[in-house]
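Trainee: query.tsv is reproduced in full below (TSV, C-alpha atoms and all ligand atoms).
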```
chain	number	residue	atom	x	y	z
A	1247	MET	CA	19.29	-0.83	25.27
A	1248	SER	CA	22.78	0.50	25.69
A	1249	ASP	CA	23.35	3.74	27.56
A	1250	PHE	CA	23.60	6.84	25.45
A	1251	ASP	CA	22.92	10.49	25.96
A	1252	PRO	CA	19.23	10.96	25.03
A	1253	GLU	CA	20.14	14.46	23.88
A	1254	TRP	CA	22.31	13.05	21.11
A	1255	GLU	CA	21.11	13.90	17.65
A	1256	LEU	CA	20.66	11.35	14.90
A	1257	ALA	CA	24.12	11.76	13.35
A	1258	THR	CA	25.77	11.10	16.72
A	1259	ARG	CA	23.55	8.13	17.52
A	1260	ALA	CA	24.37	6.66	14.10
A	1261	ILE	CA	28.06	6.66	14.94
A	1262	ARG	CA	28.27	6.15	18.69
A	1263	VAL	CA	25.41	4.03	20.03
A	1264	GLY	CA	25.75	0.36	20.89
A	1265	HIS	CA	29.46	-0.39	20.83
A	1266	GLU	CA	30.84	-1.68	24.11
A	1267	ARG	CA	34.61	-1.99	23.69
A	1268	SER	CA	36.05	-5.42	24.33
A	1269	ALA	CA	39.21	-6.02	26.42
A	1270	GLU	CA	41.20	-5.25	23.23
A	1271	ASN	CA	40.08	-1.60	23.28
A	1272	GLU	CA	39.32	-1.66	19.55
A	1273	HIS	CA	38.13	1.60	17.98
A	1274	ALA	CA	35.95	0.17	15.18
A	1275	GLU	CA	33.19	-2.28	16.05
A	1276	PRO	CA	34.46	-5.88	15.96
A	1277	ILE	CA	32.74	-8.68	14.03
A	1278	PHE	CA	31.86	-11.50	16.40
A	1279	MET	CA	31.84	-14.22	13.78
A	1280	THR	CA	30.78	-16.95	16.16
A	1281	SER	CA	27.66	-19.08	16.22
A	1282	SER	CA	27.83	-20.02	19.89
A	1283	PHE	CA	29.16	-18.75	23.21
A	1284	VAL	CA	31.02	-20.50	26.02
A	1285	PHE	CA	29.82	-20.67	29.62
A	1286	ALA	CA	32.13	-20.57	32.64
A	1287	SER	CA	30.34	-23.52	34.24
A	1288	ALA	CA	27.34	-25.82	33.97
A	1289	ALA	CA	25.55	-23.58	36.46
A	1290	GLU	CA	26.15	-20.52	34.28
A	1291	ALA	CA	24.85	-22.38	31.21
A	1292	ALA	CA	21.72	-23.34	33.15
A	1293	ALA	CA	21.23	-19.75	34.36
A	1294	ARG	CA	21.56	-18.40	30.80
A	1295	PHE	CA	19.15	-20.93	29.35
A	1296	SER	CA	16.57	-20.34	32.10
A	1297	GLY	CA	16.82	-16.59	31.51
A	1298	GLU	CA	17.95	-16.00	35.10
A	1299	GLN	CA	21.22	-14.54	33.86
A	1300	PRO	CA	21.35	-12.33	30.76
A	1301	GLY	CA	24.02	-13.01	28.17
A	1302	ASN	CA	24.80	-14.71	24.89
A	1303	ILE	CA	23.89	-18.34	24.28
A	1304	TYR	CA	23.71	-18.91	20.56
A	1305	ALA	CA	23.81	-16.57	17.57
A	1306	ARG	CA	20.26	-17.38	16.45
A	1307	PHE	CA	19.23	-15.69	19.74
A	1308	THR	CA	21.82	-12.93	20.13
A	1309	ASN	CA	25.23	-11.90	18.82
A	1310	PRO	CA	27.21	-8.85	20.00
A	1311	THR	CA	27.74	-7.37	16.51
A	1312	VAL	CA	24.09	-7.86	15.65
A	1313	ARG	CA	23.12	-6.35	19.02
A	1314	THR	CA	25.23	-3.26	18.32
A	1315	PHE	CA	23.34	-2.79	15.05
A	1316	GLU	CA	19.99	-3.35	16.81
A	1317	GLU	CA	20.72	-0.87	19.57
A	1318	ARG	CA	21.98	1.74	17.14
A	1319	LEU	CA	18.99	1.47	14.81
A	1320	ALA	CA	16.56	1.47	17.77
A	1321	ALA	CA	18.17	4.68	19.02
A	1322	MET	CA	17.93	6.23	15.56
A	1323	GLU	CA	14.25	5.31	15.10
A	1324	GLY	CA	13.41	6.26	18.70
A	1325	GLY	CA	12.25	2.74	19.60
A	1326	GLU	CA	12.78	0.73	22.78
A	1327	ALA	CA	13.74	-2.45	20.97
A	1328	CYS	CA	14.97	-3.66	17.60
A	1329	VAL	CA	15.42	-7.12	16.19
A	1330	ALA	CA	17.64	-7.60	13.16
A	1331	THR	CA	16.58	-10.09	10.51
A	1332	ALA	CA	18.13	-11.86	7.54
A	1333	SER	CA	16.23	-9.72	5.01
A	1334	GLY	CA	13.54	-7.07	4.77
A	1335	MET	CA	10.98	-9.72	3.87
A	1336	SER	CA	11.82	-11.76	6.95
A	1337	ALA	CA	11.35	-8.59	9.03
A	1338	ILE	CA	7.81	-8.30	7.64
A	1339	LEU	CA	7.16	-12.04	8.01
A	1340	SER	CA	8.44	-12.07	11.61
A	1341	THR	CA	6.29	-9.05	12.46
A	1342	CYS	CA	3.19	-10.83	11.14
A	1343	MET	CA	4.09	-14.14	12.80
A	1344	GLY	CA	4.80	-12.41	16.10
A	1345	LEU	CA	1.81	-10.09	16.25
A	1346	LEU	CA	-1.02	-11.82	14.35
A	1347	GLN	CA	-2.85	-15.09	14.73
A	1348	GLN	CA	-5.40	-17.23	12.95
A	1349	GLY	CA	-8.61	-15.32	12.26
A	1350	ASP	CA	-6.93	-11.91	12.31
A	1351	HIS	CA	-7.35	-9.42	9.52
A	1352	LEU	CA	-4.81	-7.01	8.11
A	1353	VAL	CA	-5.44	-3.81	6.15
A	1354	SER	CA	-2.60	-2.89	3.85
A	1355	SER	CA	-1.88	-0.11	1.43
A	1356	ARG	CA	-2.26	-1.36	-2.14
A	1357	SER	CA	1.07	0.26	-2.97
A	1358	VAL	CA	3.45	-2.00	-1.12
A	1359	PHE	CA	6.46	-3.94	-2.34
A	1360	GLY	CA	5.53	-6.86	-4.65
A	1361	SER	CA	6.83	-9.63	-2.36
A	1362	THR	CA	4.91	-8.11	0.54
A	1363	VAL	CA	1.71	-8.53	-1.49
A	1364	VAL	CA	2.63	-12.15	-2.27
A	1365	LEU	CA	3.31	-12.78	1.43
A	1366	PHE	CA	-0.05	-11.30	2.40
A	1367	ASP	CA	-2.04	-12.98	-0.40
A	1368	LYS	CA	-0.43	-16.39	-0.77
A	1369	TYR	CA	1.22	-17.31	2.51
A	1370	LEU	CA	-0.61	-15.56	5.36
A	1371	PRO	CA	-4.01	-16.98	4.31
A	1372	ARG	CA	-2.54	-20.49	4.91
A	1373	PHE	CA	-2.41	-19.48	8.57
A	1374	GLY	CA	-5.90	-17.97	8.56
A	1375	ILE	CA	-4.83	-14.33	8.23
A	1376	ARG	CA	-6.62	-12.28	5.58
A	1377	THR	CA	-5.62	-8.98	4.01
A	1378	SER	CA	-7.68	-6.19	2.46
A	1379	TYR	CA	-6.06	-3.49	0.35
A	1380	VAL	CA	-6.83	0.20	0.20
A	1381	ASP	CA	-5.40	3.25	-1.52
A	1382	LEU	CA	-2.53	4.59	0.55
A	1383	ASP	CA	-3.79	8.17	0.63
A	1384	ASP	CA	-7.53	7.49	1.12
A	1385	LEU	CA	-8.08	7.73	4.87
A	1386	ALA	CA	-11.82	7.05	4.55
A	1387	ALA	CA	-11.02	3.80	2.71
A	1388	TRP	CA	-8.67	2.71	5.53
A	1389	GLU	CA	-11.40	3.38	8.07
A	1390	ALA	CA	-14.04	1.55	6.02
A	1391	ALA	CA	-11.78	-1.50	5.58
A	1392	ILE	CA	-11.28	-2.05	9.32
A	1393	LEU	CA	-13.30	-5.03	10.57
A	1394	PRO	CA	-13.84	-6.20	14.16
A	1395	GLU	CA	-11.05	-8.77	13.60
A	1396	THR	CA	-8.57	-6.27	12.11
A	1397	LYS	CA	-5.39	-6.19	14.15
A	1398	MET	CA	-2.89	-4.40	11.97
A	1399	LEU	CA	-2.58	-1.61	9.40
A	1400	PHE	CA	0.43	-1.91	7.12
A	1401	VAL	CA	1.82	0.99	5.15
A	1402	GLU	CA	4.88	1.80	3.08
A	1403	THR	CA	5.49	5.53	2.75
A	1404	PRO	CA	6.65	6.82	0.39
A	1405	SER	CA	5.48	3.90	-1.68
A	1406	ASN	CA	7.52	1.89	-4.12
A	1407	PRO	CA	7.76	2.90	-6.94
A	1408	LEU	CA	5.24	5.77	-7.19
A	1409	THR	CA	6.31	7.71	-4.08
A	1410	ALA	CA	2.71	8.13	-2.87
A	1411	LEU	CA	2.48	9.09	0.79
A	1412	GLY	CA	0.45	7.83	3.71
A	1413	ASP	CA	-0.27	10.28	6.53
A	1414	ILE	CA	1.42	8.39	9.38
A	1415	ARG	CA	-0.02	10.52	12.18
A	1416	ALA	CA	-3.58	10.20	10.87
A	1417	LEU	CA	-3.19	6.45	10.26
A	1418	ALA	CA	-1.80	5.93	13.77
A	1419	GLU	CA	-4.79	7.75	15.28
A	1420	LEU	CA	-7.16	5.66	13.20
A	1421	ALA	CA	-5.37	2.41	14.10
A	1422	HIS	CA	-5.38	3.15	17.81
A	1423	ALA	CA	-9.03	4.21	17.85
A	1424	GLN	CA	-9.84	0.74	16.48
A	1425	ASP	CA	-7.39	-1.20	18.68
A	1426	CYS	CA	-5.03	-1.96	15.80
A	1427	LEU	CA	-1.28	-1.65	15.39
A	1428	LEU	CA	0.23	0.56	12.72
A	1429	VAL	CA	3.26	-0.95	10.98
A	1430	VAL	CA	5.32	1.33	8.71
A	1431	ASP	CA	7.88	0.09	6.19
A	1432	ASN	CA	10.43	2.93	6.49
A	1433	CYS	CA	12.78	1.58	3.88
A	1434	PHE	CA	12.56	4.52	1.46
A	1435	CYS	CA	13.11	7.31	4.00
A	1436	THR	CA	15.11	5.65	6.79
A	1437	PRO	CA	15.20	7.35	10.20
A	1438	ALA	CA	17.39	10.03	8.65
A	1439	LEU	CA	14.33	11.46	6.89
A	1440	GLN	CA	11.29	10.10	8.73
A	1441	ARG	CA	10.66	8.67	12.19
A	1442	PRO	CA	7.28	6.93	12.16
A	1443	LEU	CA	7.37	5.97	15.85
A	1444	GLU	CA	7.47	9.67	16.78
A	1445	LEU	CA	4.38	10.17	14.61
A	1446	GLY	CA	2.50	7.44	16.48
A	1447	ALA	CA	3.29	4.23	14.56
A	1448	ASP	CA	3.79	1.10	16.67
A	1449	ILE	CA	6.29	-0.76	14.53
A	1450	VAL	CA	8.84	0.20	11.91
A	1451	VAL	CA	10.15	-2.43	9.50
A	1452	HIS	CA	13.20	-2.08	7.30
A	1453	SER	CA	14.92	-3.71	4.44
A	1454	ALA	CA	18.46	-2.91	5.60
A	1455	THR	CA	19.51	-4.11	2.14
A	1456	LYS	CA	18.60	-0.64	0.87
A	1457	TYR	CA	19.77	2.69	2.32
A	1458	LEU	CA	20.88	1.37	5.71
A	1459	ASP	CA	23.66	-0.45	3.92
A	1460	GLY	CA	23.79	2.15	1.19
A	1461	GLN	CA	26.30	0.40	-1.01
A	1462	GLY	CA	24.46	-2.67	-2.27
A	1463	ARG	CA	26.53	-5.23	-0.38
A	1464	ALA	CA	24.39	-7.23	2.01
A	1465	LEU	CA	20.86	-8.53	2.63
A	1466	GLY	CA	19.21	-7.72	5.95
A	1467	GLY	CA	16.20	-6.30	7.73
A	1468	ALA	CA	14.99	-4.99	11.04
A	1469	VAL	CA	11.87	-4.52	13.17
A	1470	VAL	CA	11.76	-1.62	15.65
A	1471	GLY	CA	9.15	-0.84	18.30
A	1472	ASN	CA	8.45	-1.21	21.99
A	1473	ALA	CA	9.92	-3.80	24.33
A	1474	LYS	CA	6.75	-5.90	24.51
A	1475	LEU	CA	5.81	-6.06	20.82
A	1476	VAL	CA	9.30	-6.24	19.35
A	1477	GLY	CA	11.60	-7.20	22.23
A	1478	GLU	CA	9.33	-10.10	23.23
A	1479	GLU	CA	6.85	-11.07	20.51
A	1480	VAL	CA	8.84	-10.50	17.32
A	1481	TYR	CA	12.10	-11.53	18.99
A	1482	GLY	CA	10.41	-14.79	20.01
A	1483	VAL	CA	9.79	-15.63	16.34
A	1484	LEU	CA	13.41	-14.85	15.45
A	1485	ARG	CA	14.77	-16.91	18.28
A	1486	THR	CA	12.56	-19.87	17.39
A	1487	ALA	CA	12.31	-19.78	13.61
A	1488	GLY	CA	15.75	-18.29	12.96
A	1489	PRO	CA	15.61	-15.67	10.19
A	1490	SER	CA	18.41	-13.96	12.12
A	1491	MET	CA	20.97	-11.51	10.73
A	1492	SER	CA	24.53	-12.65	10.10
A	1493	PRO	CA	27.14	-10.85	12.28
A	1494	PHE	CA	29.11	-9.97	9.16
A	1495	ASN	CA	26.07	-8.31	7.60
A	1496	ALA	CA	25.35	-6.49	10.88
A	1497	TRP	CA	28.87	-5.04	10.72
A	1498	VAL	CA	28.35	-3.91	7.12
A	1499	PHE	CA	25.10	-2.19	8.16
A	1500	LEU	CA	26.79	-0.54	11.15
A	1501	LYS	CA	29.27	1.07	8.79
A	1502	GLY	CA	26.34	2.08	6.58
A	1503	LEU	CA	24.48	3.71	9.48
A	1504	GLU	CA	27.47	5.91	10.24
A	1505	THR	CA	27.05	7.80	6.96
A	1506	LEU	CA	23.27	7.42	6.61
A	1507	GLU	CA	22.25	11.01	7.31
A	1508	LEU	CA	24.87	12.46	4.98
A	1509	ARG	CA	23.94	10.04	2.23
A	1510	MET	CA	20.18	10.57	2.56
A	1511	ARG	CA	20.64	14.33	2.27
A	1512	ALA	CA	22.82	13.87	-0.82
A	1513	HIS	CA	20.44	11.32	-2.41
A	1514	SER	CA	17.53	13.71	-1.86
A	1515	ALA	CA	19.34	16.73	-3.32
A	1516	ALA	CA	20.36	14.76	-6.42
A	1517	ALA	CA	16.88	13.24	-6.85
A	1518	GLN	CA	15.28	16.69	-6.59
A	1519	GLN	CA	17.57	18.00	-9.33
A	1520	LEU	CA	16.91	14.97	-11.53
A	1521	ALA	CA	13.12	15.10	-11.01
A	1522	GLU	CA	13.01	18.79	-11.98
A	1523	TRP	CA	15.05	18.02	-15.10
A	1524	LEU	CA	12.86	15.04	-16.03
A	1525	GLU	CA	9.76	17.26	-15.83
A	1526	GLN	CA	11.28	19.34	-18.65
A	1527	GLN	CA	11.90	16.36	-20.99
A	1528	PRO	CA	9.41	16.13	-23.90
A	1529	ALA	CA	9.43	12.30	-23.83
A	1530	VAL	CA	8.34	12.23	-20.18
A	1531	ALA	CA	4.60	12.23	-19.55
A	1532	HIS	CA	4.72	12.44	-15.75
A	1533	VAL	CA	7.22	12.53	-12.88
A	1534	HIS	CA	6.43	11.13	-9.43
A	1535	TYR	CA	8.61	12.72	-6.76
A	1536	PRO	CA	7.48	14.10	-3.38
A	1537	GLY	CA	9.84	17.07	-3.68
A	1538	LEU	CA	8.01	18.42	-6.74
A	1539	ALA	CA	5.24	20.97	-6.30
A	1540	SER	CA	3.29	18.85	-8.82
A	1541	HIS	CA	3.26	15.87	-6.41
A	1542	PRO	CA	-0.29	15.67	-5.01
A	1543	GLN	CA	1.03	15.22	-1.47
A	1544	HIS	CA	3.95	17.63	-1.64
A	1545	ASP	CA	2.79	19.52	1.49
A	1546	LEU	CA	2.44	16.33	3.54
A	1547	ALA	CA	5.89	15.21	2.36
A	1548	MET	CA	7.42	18.47	3.54
A	1549	GLN	CA	5.83	18.03	7.00
A	1550	GLN	CA	6.35	14.31	7.47
A	1551	GLN	CA	9.80	13.93	5.94
A	1552	LYS	CA	13.00	15.90	6.43
A	1553	ALA	CA	13.69	15.63	2.69
A	1554	PRO	CA	11.90	13.99	-0.26
A	1555	GLY	CA	14.22	10.97	-0.61
A	1556	GLY	CA	16.17	9.40	-3.45
A	1557	ILE	CA	13.51	7.61	-5.49
A	1558	VAL	CA	12.09	9.15	-8.64
A	1559	ALA	CA	9.55	7.39	-10.86
A	1560	PHE	CA	8.58	8.68	-14.25
A	1561	GLU	CA	6.33	7.67	-17.05
A	1562	VAL	CA	7.58	7.85	-20.61
A	1563	LYS	CA	5.34	8.36	-23.60
A	1564	GLY	CA	4.95	5.16	-25.65
A	1565	GLY	CA	4.49	2.52	-22.95
A	1566	ARG	CA	6.71	-0.48	-22.40
A	1567	GLU	CA	8.64	-0.20	-25.67
A	1568	SER	CA	9.80	3.34	-24.83
A	1569	ALA	CA	10.50	2.45	-21.20
A	1570	TRP	CA	12.70	-0.47	-22.22
A	1571	GLN	CA	14.43	1.73	-24.82
A	1572	VAL	CA	15.37	4.27	-22.13
A	1573	ILE	CA	16.61	1.52	-19.83
A	1574	ASP	CA	18.55	-0.32	-22.52
A	1575	SER	CA	20.17	2.89	-23.82
A	1576	THR	CA	21.87	3.64	-20.52
A	1577	ARG	CA	25.58	2.87	-20.26
A	1578	MET	CA	26.31	3.95	-16.69
A	1579	LEU	CA	23.09	3.37	-14.72
A	1580	SER	CA	22.76	-0.13	-13.32
A	1581	ILE	CA	19.76	-2.11	-14.53
A	1582	THR	CA	18.89	-3.72	-11.24
A	1583	ALA	CA	15.87	-3.96	-9.00
A	1584	ASN	CA	17.78	-2.95	-5.88
A	1585	LEU	CA	17.71	0.62	-4.60
A	1586	GLY	CA	19.38	2.72	-1.97
A	1587	ASP	CA	22.88	2.41	-3.38
A	1588	THR	CA	25.57	4.99	-4.16
A	1589	LYS	CA	25.25	3.68	-7.74
A	1590	THR	CA	22.11	4.89	-9.52
A	1591	THR	CA	19.82	2.03	-10.44
A	1592	ILE	CA	17.08	1.90	-13.05
A	1593	THR	CA	14.26	-0.57	-13.28
A	1594	HIS	CA	10.98	-1.29	-15.05
A	1595	PRO	CA	8.64	-2.09	-12.14
A	1596	ALA	CA	5.85	-3.65	-14.23
A	1597	THR	CA	8.12	-6.48	-15.42
A	1598	THR	CA	10.46	-6.80	-12.42
A	1599	THR	CA	9.58	-5.87	-8.82
A	1600	HIS	CA	5.85	-5.93	-9.56
A	1601	GLY	CA	5.99	-8.60	-12.27
A	1602	ARG	CA	4.28	-11.24	-10.15
A	1603	LEU	CA	1.15	-9.11	-9.76
A	1604	SER	CA	-1.68	-9.40	-12.26
A	1605	GLU	CA	-2.04	-6.54	-14.75
A	1606	GLU	CA	-5.24	-5.60	-12.91
A	1607	GLN	CA	-3.43	-5.39	-9.54
A	1608	ARG	CA	-0.63	-3.40	-11.15
A	1609	LEU	CA	-2.96	-0.90	-12.74
A	1610	ALA	CA	-4.88	-0.51	-9.48
A	1611	ALA	CA	-1.52	0.38	-7.89
A	1612	GLY	CA	-0.77	2.84	-10.72
A	1613	ILE	CA	2.10	0.83	-12.18
A	1614	THR	CA	1.83	1.25	-15.91
A	1615	GLN	CA	4.02	-0.25	-18.63
A	1616	GLY	CA	5.63	3.14	-19.34
A	1617	LEU	CA	6.79	3.62	-15.77
A	1618	ILE	CA	10.51	3.68	-14.92
A	1619	ARG	CA	11.95	3.86	-11.42
A	1620	VAL	CA	15.29	5.49	-10.79
A	1621	ALA	CA	16.93	5.17	-7.39
A	1622	VAL	CA	19.22	8.16	-7.59
A	1623	GLY	CA	22.74	7.41	-6.42
A	1624	LEU	CA	25.60	9.68	-5.55
A	1625	GLU	CA	27.24	10.10	-8.97
A	1626	ALA	CA	27.28	13.59	-10.54
A	1627	VAL	CA	23.68	14.44	-11.50
A	1628	GLY	CA	24.82	15.72	-14.91
A	1629	ASP	CA	26.21	12.26	-15.73
A	1630	ILE	CA	22.93	10.60	-14.71
A	1631	GLN	CA	21.02	13.03	-16.92
A	1632	LYS	CA	23.33	12.35	-19.88
A	1633	ASP	CA	22.82	8.62	-19.48
A	1634	LEU	CA	19.03	8.96	-19.43
A	1635	SER	CA	19.09	11.37	-22.38
A	1636	ARG	CA	20.49	8.64	-24.63
A	1637	GLY	CA	17.13	6.88	-24.62
A	1638	LEU	CA	14.79	9.80	-23.89
A	1639	ASP	CA	16.02	11.85	-26.83
A	1640	GLY	CA	15.06	9.07	-29.25
A	1641	ILE	CA	11.38	8.92	-28.19
R	1701	LIG	C1	9.90	-1.13	0.48
R	1701	LIG	C2	10.51	-2.49	0.58
R	1701	LIG	N1	10.21	-3.25	1.64
R	1701	LIG	C3	10.75	-4.49	1.79
R	1701	LIG	C4	11.60	-5.01	0.84
R	1701	LIG	C5	12.17	-6.40	1.03
R	1701	LIG	O1	13.47	-6.34	1.44
R	1701	LIG	P1	14.56	-7.51	1.20
R	1701	LIG	O2	14.81	-7.55	-0.26
R	1701	LIG	O3	15.73	-7.07	2.02
R	1701	LIG	O4	13.97	-8.78	1.70
R	1701	LIG	C6	11.93	-4.24	-0.27
R	1701	LIG	C7	12.88	-4.80	-1.27
R	1701	LIG	O5	13.14	-4.33	-2.30
R	1701	LIG	C8	11.37	-2.94	-0.41
R	1701	LIG	O6	11.66	-2.17	-1.48
```
Give the structure from the file, written as structure tokens.
Ligand SMILES: Cc1ncc(COP(=O)(O)O)c(C=O)c1O

Mentor:
Amino acid sequence: MSDFDPEWELATRAIRVGHERSAENEHAEPIFMTSSFVFASAAEAAARFSGEQPGNIYARFTNPTVRTFEERLAAMEGGEACVATASGMSAILSTCMGLLQQGDHLVSSRSVFGSTVVLFDKYLPRFGIRTSYVDLDDLAAWEAAILPETKMLFVETPSNPLTALGDIRALAELAHAQDCLLVVDNCFCTPALQRPLELGADIVVHSATKYLDGQGRALGGAVVGNAKLVGEEVYGVLRTAGPSMSPFNAWVFLKGLETLELRMRAHSAAAQQLAEWLEQQPAVAHVHYPGLASHPQHDLAMQQQKAPGGIVAFEVKGGRESAWQVIDSTRMLSITANLGDTKTTITHPATTTHGRLSEEQRLAAGITQGLIRVAVGLEAVGDIQKDLSRGLDGI
């Protein structure tokens, strides 16, 4: 880890950690767009390869721009080590490959991202790793699902798309009492709003594609945790299997991190305003947003998170037909499955992000045909409301 003042607050860490100026004395972080590095001599090459001498060898292993991103995000999450990955999914895959083995069992929240479920159900079993699912907020169910061979609990909080919460502190205590690791997907909150490691989690995974970038430009991911689990075990998978982050993408994410706290505060304020407005709309049957008093875990959200976040899900009356009508009537909102962008996005989870699940799995996760997810961007809230009104007013 690079040196930084441990007293620095998040906003300062997001801007200042990790950049060691080159001989050019550049102010902004440079992009080291190079796949390999040159050694001064055969002896130096040998020393680097044997690990006797630290330093760059090859960009699948390390790259200075990627390292700057890793050190900055580690400092923001409060972790000893971070490895950057090519996508959020490869962060989750690398975590599983690095920390689990044949015969191990995983307990996951039912309400996790669709591709995470496919990874757990279709691909991990090929390597002898089984997964059981429980309701995110049912602590007794988590405890009951833990078997002697359980090694990991996996949670996404708030969940996508319903913004249900898992109690990270309670889950960490449960995991540690049973010799398991707690992995938290912190994609929706980011370290600007929630720091799972401080609440006892062992590993944080990210899709950097979302808020860390913040402007919908690049695909990436990250795993943060201690030096042994992440710096050695997960890094070993990256170095060998190669789902490494591109230096260009790392630079894009570095620029994203610099404004992360500001953006997350603004996303949350806009989402709160939109959620309160949606609750007043006659065509809306229910609004899921942790900042609303009507959210069943509102109190936990206020303790665990600095702000409720930018994702609002709501159910329209009339099922899929009405949901599609609202989506198709928008002129400004972007119909896209991505989230965490300055541009507000709207999606129908049942037929997109969660489309590969069976209807039974979807319903168990609470994803109905009338559900719409809005990732509230940074446009004027009044304009977002007007755009949604076009469809809502016709229901
Ligand atoms: C909560 C969550 N985790 C992980 C991912 C996967 O990230 P990526 O698309 O960068 O692979 C997503 C993607 O949408 C997500 O929403």

Trainee: Using only C-alpha atoms and all ligand atoms, I'd like a table of the residues in chain A that come within 9 Å of ligand LIG 1701 (chain R); for each, show the closest atom pair and its distance in Å rounded to one decimal, ordered by chain and ascending number, as a Markdown table.

Mentor:
```
| residue | atom | partner | partner_atom | distance |
| --- | --- | --- | --- | --- |
| A:Ala1332 | CA | R:LIG1701 | O3 | 7.7 |
| A:Ser1333 | CA | R:LIG1701 | O3 | 4.0 |
| A:Gly1334 | CA | R:LIG1701 | O1 | 3.4 |
| A:Met1335 | CA | R:LIG1701 | O4 | 3.8 |
| A:Ser1336 | CA | R:LIG1701 | O4 | 6.4 |
| A:Ala1337 | CA | R:LIG1701 | O4 | 7.8 |
| A:Ile1338 | CA | R:LIG1701 | C3 | 7.6 |
| A:Val1358 | CA | R:LIG1701 | C1 | 6.7 |
| A:Phe1359 | CA | R:LIG1701 | C2 | 5.2 |
| A:Gly1360 | CA | R:LIG1701 | C6 | 8.2 |
| A:Ser1361 | CA | R:LIG1701 | C5 | 7.1 |
| A:Thr1362 | CA | R:LIG1701 | C3 | 7.0 |
| A:Glu1402 | CA | R:LIG1701 | C1 | 6.4 |
| A:Thr1403 | CA | R:LIG1701 | C1 | 8.3 |
| A:Pro1404 | CA | R:LIG1701 | C1 | 8.6 |
| A:Ser1405 | CA | R:LIG1701 | C1 | 7.0 |
| A:Asn1406 | CA | R:LIG1701 | C1 | 6.0 |
| A:Pro1407 | CA | R:LIG1701 | O6 | 8.4 |
| A:Asp1431 | CA | R:LIG1701 | N1 | 6.1 |
| A:Asn1432 | CA | R:LIG1701 | C1 | 7.3 |
| A:Cys1433 | CA | R:LIG1701 | C1 | 5.2 |
| A:Phe1434 | CA | R:LIG1701 | C1 | 6.3 |
| A:Val1451 | CA | R:LIG1701 | N1 | 7.9 |
| A:His1452 | CA | R:LIG1701 | C3 | 6.5 |
| A:Ser1453 | CA | R:LIG1701 | O3 | 4.2 |
| A:Ala1454 | CA | R:LIG1701 | O3 | 6.1 |
| A:Thr1455 | CA | R:LIG1701 | O3 | 4.8 |
| A:Lys1456 | CA | R:LIG1701 | O3 | 7.1 |
| A:Ala1464 | CA | R:LIG1701 | O3 | 8.7 |
| A:Leu1465 | CA | R:LIG1701 | O3 | 5.4 |
| A:Gly1466 | CA | R:LIG1701 | O3 | 5.3 |
| A:Gly1467 | CA | R:LIG1701 | O3 | 5.8 |
| A:Ala1583 | CA | R:LIG1701 | O5 | 7.2 |
| A:Asn1584 | CA | R:LIG1701 | O5 | 6.0 |
| A:Leu1585 | CA | R:LIG1701 | O5 | 7.1 |
| A:Thr1599 | CA | R:LIG1701 | O5 | 7.6 |
```

Trainee: Give me, please, the distance in Å between atom CA of A:Gln1549 and atom CA of A:Gly1412, quoted to one decimal.

Mentor: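 Rounded to one decimal, the two atoms are 12.0 Å apart.
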
Trainee: Output as CSV one row per residue of stretch 1404-1515 of chain A within 7 Å of stretch 1268-1278 of chain A: the closest atom pair and its distance in Å to one decimal place, counting only C-alpha atoms, sorted by chain and residue number ascending.

Mentor:
```
residue,atom,partner,partner_atom,distance
A:Pro1493,CA,A:Ile1277,CA,6.3
A:Phe1494,CA,A:Ile1277,CA,6.2
A:Trp1497,CA,A:Ile1277,CA,6.3
```

Trainee: Ranking A:Leu1546, A:Ala1539, A:Ala1288, A:Val1469 by minimum distance to A:Met1491 and counting all atoms listed in the file, which one comes first?

Mentor: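 Closest to A:Met1491, using all atoms listed in the file: A:Val1469.
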
Trainee: Tell me which of A:Gly1374, A:Pro1394, A:Gly1471, A:Gly1301 sits closest to A:Leu1428, counting only C-alpha atoms.

Mentor: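 Distance minimum relative to A:Leu1428 lands on A:Gly1471.
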
Trainee: Suppose you want the space between atom CA of A:Gly1297 and atom CA of A:Gly1477; what is it in Å?

Mentor: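 Pair atom CA of A:Gly1297 / atom CA of A:Gly1477 returns 14.2 Å.
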